[in-house]
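One file, coords_30.txt, is given below (compact mmCIF, C-alpha atoms).
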# COMPACT_ATOMS: atom_id res chain seq x y z
CA MET A 13 0.00 0.00 0.00
CA ASP A 14 2.78 2.46 0.89
CA GLU A 15 4.58 1.75 -2.40
CA THR A 16 1.37 2.40 -4.34
CA ARG A 17 0.91 5.69 -2.47
CA ASP A 18 4.55 6.67 -3.16
CA ARG A 19 4.26 5.73 -6.83
CA THR A 20 1.09 7.83 -7.17
CA ALA A 21 2.80 10.77 -5.45
CA ILE A 22 5.84 10.51 -7.75
CA VAL A 23 3.66 10.41 -10.87
CA ALA A 24 1.93 13.56 -9.57
CA VAL A 25 5.30 15.30 -9.15
CA LEU A 26 6.30 14.40 -12.71
CA ASP A 27 2.92 15.55 -14.07
CA ARG A 28 3.16 18.79 -12.09
CA TYR A 29 6.24 19.68 -14.18
CA ALA A 30 4.25 19.47 -17.41
CA GLU A 31 1.42 21.48 -15.84
CA ALA A 32 3.82 24.19 -14.61
CA LEU A 33 5.37 24.60 -18.07
CA ASP A 34 2.08 24.63 -19.97
CA ARG A 35 0.50 27.11 -17.55
CA ARG A 36 3.72 29.12 -17.20
CA ASP A 37 3.29 28.71 -13.44
CA TRP A 38 6.96 28.93 -12.48
CA ALA A 39 6.27 28.87 -8.73
CA LEU A 40 4.71 25.41 -9.16
CA LEU A 41 8.19 24.09 -9.97
CA ASP A 42 8.93 24.44 -6.23
CA GLU A 43 6.67 21.38 -5.88
CA VAL A 44 8.68 19.45 -8.48
CA PHE A 45 12.35 20.16 -7.86
CA ALA A 46 14.46 20.30 -4.72
CA PRO A 47 16.29 23.62 -4.30
CA ASP A 48 19.58 21.84 -5.12
CA ILE A 49 18.29 20.11 -8.28
CA GLU A 50 20.90 19.05 -10.82
CA PHE A 51 19.32 19.35 -14.28
CA ASP A 52 21.01 18.16 -17.47
CA PHE A 53 19.11 18.94 -20.66
CA GLY A 54 22.09 18.20 -22.90
CA GLU A 55 22.42 21.67 -24.42
CA TRP A 56 22.17 23.31 -21.00
CA ARG A 57 22.77 22.37 -17.38
CA ALA A 58 21.76 23.91 -14.06
CA GLU A 59 22.59 23.14 -10.44
CA ASN A 60 19.72 24.78 -8.58
CA ARG A 61 16.01 25.37 -9.02
CA ARG A 62 16.33 29.11 -9.71
CA ASP A 63 18.70 28.47 -12.63
CA VAL A 64 16.45 25.69 -13.96
CA VAL A 65 13.47 28.05 -14.03
CA THR A 66 15.57 30.74 -15.75
CA ALA A 67 16.69 28.27 -18.42
CA ILE A 68 13.17 26.97 -19.05
CA ARG A 69 11.80 30.50 -19.28
CA SER A 70 14.44 31.36 -21.88
CA TYR A 71 12.68 28.84 -24.15
CA LEU A 72 9.03 29.32 -23.21
CA ASP A 73 8.45 32.97 -22.31
CA GLY A 74 8.27 34.00 -25.98
CA CYS A 75 6.53 30.85 -27.13
CA GLY A 76 2.81 30.46 -27.74
CA PRO A 77 0.77 27.60 -26.24
CA THR A 78 2.50 24.35 -25.34
CA GLN A 79 1.42 20.87 -24.36
CA HIS A 80 3.79 18.51 -22.57
CA LEU A 81 2.42 14.96 -22.52
CA LEU A 82 4.01 12.31 -20.32
CA GLY A 83 3.58 8.55 -20.42
CA ASN A 84 5.09 5.10 -19.88
CA TYR A 85 6.12 5.83 -16.29
CA ARG A 86 8.82 3.53 -14.93
CA ILE A 87 9.39 4.09 -11.21
CA HIS A 88 11.65 2.21 -8.79
CA ILE A 89 11.33 3.12 -5.10
CA ASP A 90 13.90 2.29 -2.43
CA GLY A 91 12.83 3.74 0.90
CA ASP A 92 13.11 7.53 0.75
CA GLN A 93 14.84 7.47 -2.66
CA ALA A 94 13.40 6.72 -6.08
CA GLU A 95 14.35 6.69 -9.74
CA SER A 96 11.94 7.30 -12.59
CA SER A 97 11.91 7.43 -16.36
CA VAL A 98 9.00 8.84 -18.32
CA TYR A 99 8.52 9.55 -21.99
CA VAL A 100 7.69 13.12 -23.02
CA ARG A 101 6.11 14.54 -26.14
CA ALA A 102 6.23 18.33 -26.07
CA PHE A 103 4.32 20.41 -28.62
CA HIS A 104 5.00 24.15 -29.00
CA ARG A 105 3.17 26.71 -31.14
CA GLY A 106 4.73 30.05 -31.97
CA ALA A 107 3.49 33.48 -30.94
CA GLY A 108 3.15 36.75 -32.82
CA THR A 109 4.61 36.55 -36.32
CA ALA A 110 5.54 32.89 -35.67
CA ALA A 111 1.99 31.90 -34.59
CA GLU A 112 1.57 29.44 -37.47
CA LYS A 113 4.90 27.70 -36.81
CA THR A 114 5.30 24.69 -34.54
CA TYR A 115 8.05 22.74 -32.85
CA GLU A 116 7.73 19.31 -31.29
CA MET A 117 10.14 17.11 -29.43
CA GLY A 118 9.93 13.57 -28.17
CA GLY A 119 12.19 12.24 -25.48
CA GLU A 120 12.53 11.00 -21.95
CA TYR A 121 12.98 12.51 -18.49
CA GLN A 122 15.10 10.45 -16.11
CA ASP A 123 14.80 11.57 -12.50
CA ARG A 124 16.31 10.73 -9.15
CA LEU A 125 13.86 11.71 -6.41
CA ARG A 126 13.92 11.86 -2.63
CA ARG A 127 11.20 12.05 -0.05
CA THR A 128 11.27 15.38 1.81
CA THR A 129 9.07 16.79 4.56
CA ALA A 130 7.13 18.55 1.76
CA GLY A 131 6.77 15.34 -0.29
CA TRP A 132 8.70 13.77 -3.15
CA ARG A 133 11.04 16.11 -5.06
CA SER A 134 13.36 15.57 -7.99
CA VAL A 135 17.01 16.09 -7.06
CA ARG A 136 18.46 15.11 -10.44
CA ARG A 137 16.94 15.21 -13.92
CA LYS A 138 18.46 14.20 -17.20
CA ALA A 139 16.44 14.96 -20.31
CA LEU A 140 17.03 12.98 -23.48
CA VAL A 141 15.78 14.20 -26.85
CA PHE A 142 14.87 11.37 -29.24
CA PHE A 143 13.49 13.49 -32.08
CA GLU A 144 12.61 17.04 -33.07
CA THR A 145 10.30 18.26 -35.78
CA GLY A 146 9.24 21.74 -36.87
CA THR A 147 11.26 24.83 -36.11
CA ARG A 148 12.92 26.07 -32.95
CA GLU A 149 12.06 29.60 -34.12
CA VAL A 150 8.97 29.35 -31.88
CA LEU A 151 11.19 29.09 -28.77
CA GLY A 152 12.87 31.95 -26.98
CA ALA A 153 12.59 34.74 -24.49
CA GLY A 154 9.66 37.12 -24.62
CA GLU A 155 9.91 40.45 -26.41
CA ASP A 156 11.00 42.18 -23.22
CA GLY A 157 13.87 39.69 -22.93
CA GLU A 158 12.48 38.01 -19.81
What is this structure when it is put down as structure tokens?
Amino acid sequence: MDETRDRTAIVAVLDRYAEALDRRDWALLDEVFAPDIEFDFGEWRAENRRDVVTAIRSYLDGCGPTQHLLGNYRIHIDGDQAESSVYVRAFHRGAGTAAEKTYEMGGEYQDRLRRTTAGWRSVRRKALVFFETGTREVLGAGEDGE
């Protein structure tokens, strides 16, 4: 029963990431990542939650609507530690003059999580990109540079 409860809580943490990005609710990432998160996206790396949010915003603040879909959750729990892998399919539509352009990526998030007093949090994430289609022109900072 406890493992089922933990697995459900970990899936909720992983899903919360997608929700935070699609809603542009950056504060919600406090409920996903530990303050000392190590994040490796391949083309960029960060070693704390503030820098992770800054990096993500540099891609999404100027982008139109997005939809991050997660599936095929593989979770292994060992006491207060866990490892997970989940497939991601992330769709992005442009904004402004790029509104008719799209970009999509498919890949996998691999997380190491730990149980904290506030619940499960990711302490390490590696993102793997399996494919990209469309144009990255839809990604980037907003017009005010933030």
Wanna dump the range 100-128 of chain A-range 69-74 of chain A contacts at 10 Å for me, each residue with its shortest atom pair and the distance in Å to one decimal, counting only C-alpha atoms, ordered by chain and number, as a tab-separated table?
residue	atom	partner	partner_atom	distance
A:His104	CA	A:Leu72	CA	8.7
A:Gly106	CA	A:Gly74	CA	8.0
A:Ala107	CA	A:Gly74	CA	6.9
A:Gly108	CA	A:Gly74	CA	9.0
(request) Using all atoms listed in the file, give me every residue within 12 Å of (3.9, 1.0, -4.1) in file coordinates, as a list of chain:residue names. (result)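 It turns out the residues near that spot are A:Met13, A:Asp14, A:Glu15, A:Thr16, A:Arg17, A:Asp18, A:Arg19, A:Thr20, A:Ala21, A:Ile22, A:Val23, A:Ile87, A:His88, A:Ile89, A:Asp90, A:Gly91, A:Ala94.
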Would you list the contacts of Pro77 in chain A as a tab-separated table (two decimals) with C-alpha atoms, in the coordinates of the input, taking every protein, DNA or RNA residue within 12 Å and counting all atoms listed in the file, but skipping same-chain residues closer than 5 positions in sequence?
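Output below, filename selection-v7.tsv:
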chain	number	residue	atom	x	y	z
A	33	LEU	CA	5.37	24.60	-18.07
A	34	ASP	CA	2.08	24.63	-19.97
A	35	ARG	CA	0.50	27.11	-17.55
A	36	ARG	CA	3.72	29.12	-17.20
A	72	LEU	CA	9.03	29.32	-23.21
A	102	ALA	CA	6.23	18.33	-26.07
A	103	PHE	CA	4.32	20.41	-28.62
A	104	HIS	CA	5.00	24.15	-29.00
A	105	ARG	CA	3.17	26.71	-31.14
A	106	GLY	CA	4.73	30.05	-31.97
A	107	ALA	CA	3.49	33.48	-30.94
A	108	GLY	CA	3.15	36.75	-32.82
A	110	ALA	CA	5.54	32.89	-35.67
A	111	ALA	CA	1.99	31.90	-34.59
A	112	GLU	CA	1.57	29.44	-37.47
A	113	LYS	CA	4.90	27.70	-36.81
A	114	THR	CA	5.30	24.69	-34.54
A	115	TYR	CA	8.05	22.74	-32.85
A	116	GLU	CA	7.73	19.31	-31.29
A	150	VAL	CA	8.97	29.35	-31.88
A	151	LEU	CA	11.19	29.09	-28.77
(message) as a ChimeraX atom specification, please: the residues near Ile68 in chain A (cut-off 12 Å, all atoms listed in the file, same-chain neighbours under 2 positions excluded).
(response) /A:29-30,32-34,36-38,41,51-53,55-58,61-66,70-75,151-153,158
(message) Could you tell me how far CA of Glu144 in chain A sits from CA of Val100 in chain A, in Å to one decimal place?
(response) 11.9 Å
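Shortest atom-to-atom contact with Arg137 in chain A among A:Val44, A:Met117, A:Ile49, A:Leu81: A:Ile49, counting only C-alpha atoms.
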(message) Can you measure CA of Leu140 in chain A to CA of Ser96 in chain A for me? One decimal in Å is fine.
(response)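 Pair CA of Leu140 in chain A / CA of Ser96 in chain A returns 13.3 Å.
Put simply, CA of Thr147 in chain A is 27.3 Å away from CA of Asp123 in chain A.
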(message) Measuring between only C-alpha atoms, which one of A:Lys138, A:Arg127, A:Arg133, A:His80 shows the shortest distance to Asp42 in chain A?
(response)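 Looking only at the distances to Asp42 in chain A, the closest residue turns out to be A:Arg133.
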(request) Choose the residue, out of A:Ser134, A:Gly118, A:Ser97, A:Asn60, that has the smallest atom-to-atom separation from Arg28 in chain A; count all atoms listed in the file. (result)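 Closest candidate: A:Ser134.
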Please identify all polymer residues within 9 Å of Asp92 in chain A, counting only C-alpha atoms, omitting same-chain residues fewer than 5 positions from it, and present them as a PDB file with C-alpha atoms, in the frame of the given file.
ATOM      1  CA  LEU A 125      13.860  11.710  -6.410  1.00  0.00           C
ATOM      2  CA  ARG A 126      13.920  11.860  -2.630  1.00  0.00           C
ATOM      3  CA  ARG A 127      11.200  12.050  -0.050  1.00  0.00           C
ATOM      4  CA  THR A 128      11.270  15.380   1.810  1.00  0.00           C
ATOM      5  CA  TRP A 132       8.700  13.770  -3.150  1.00  0.00           C
TER       6      TRP A 132
END
(request) Counting only C-alpha atoms, figure out which residue out of A:Ala67, A:Leu82, A:Ala24, A:Ala46 gets nearest to Ala130 in chain A. (result)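 The closest residue to Ala130 in chain A is A:Ala46.
Closest to Gly119 in chain A among A:Tyr85, A:Val98, A:Pro47, A:Leu26 is A:Val98, based on all atoms listed in the file.
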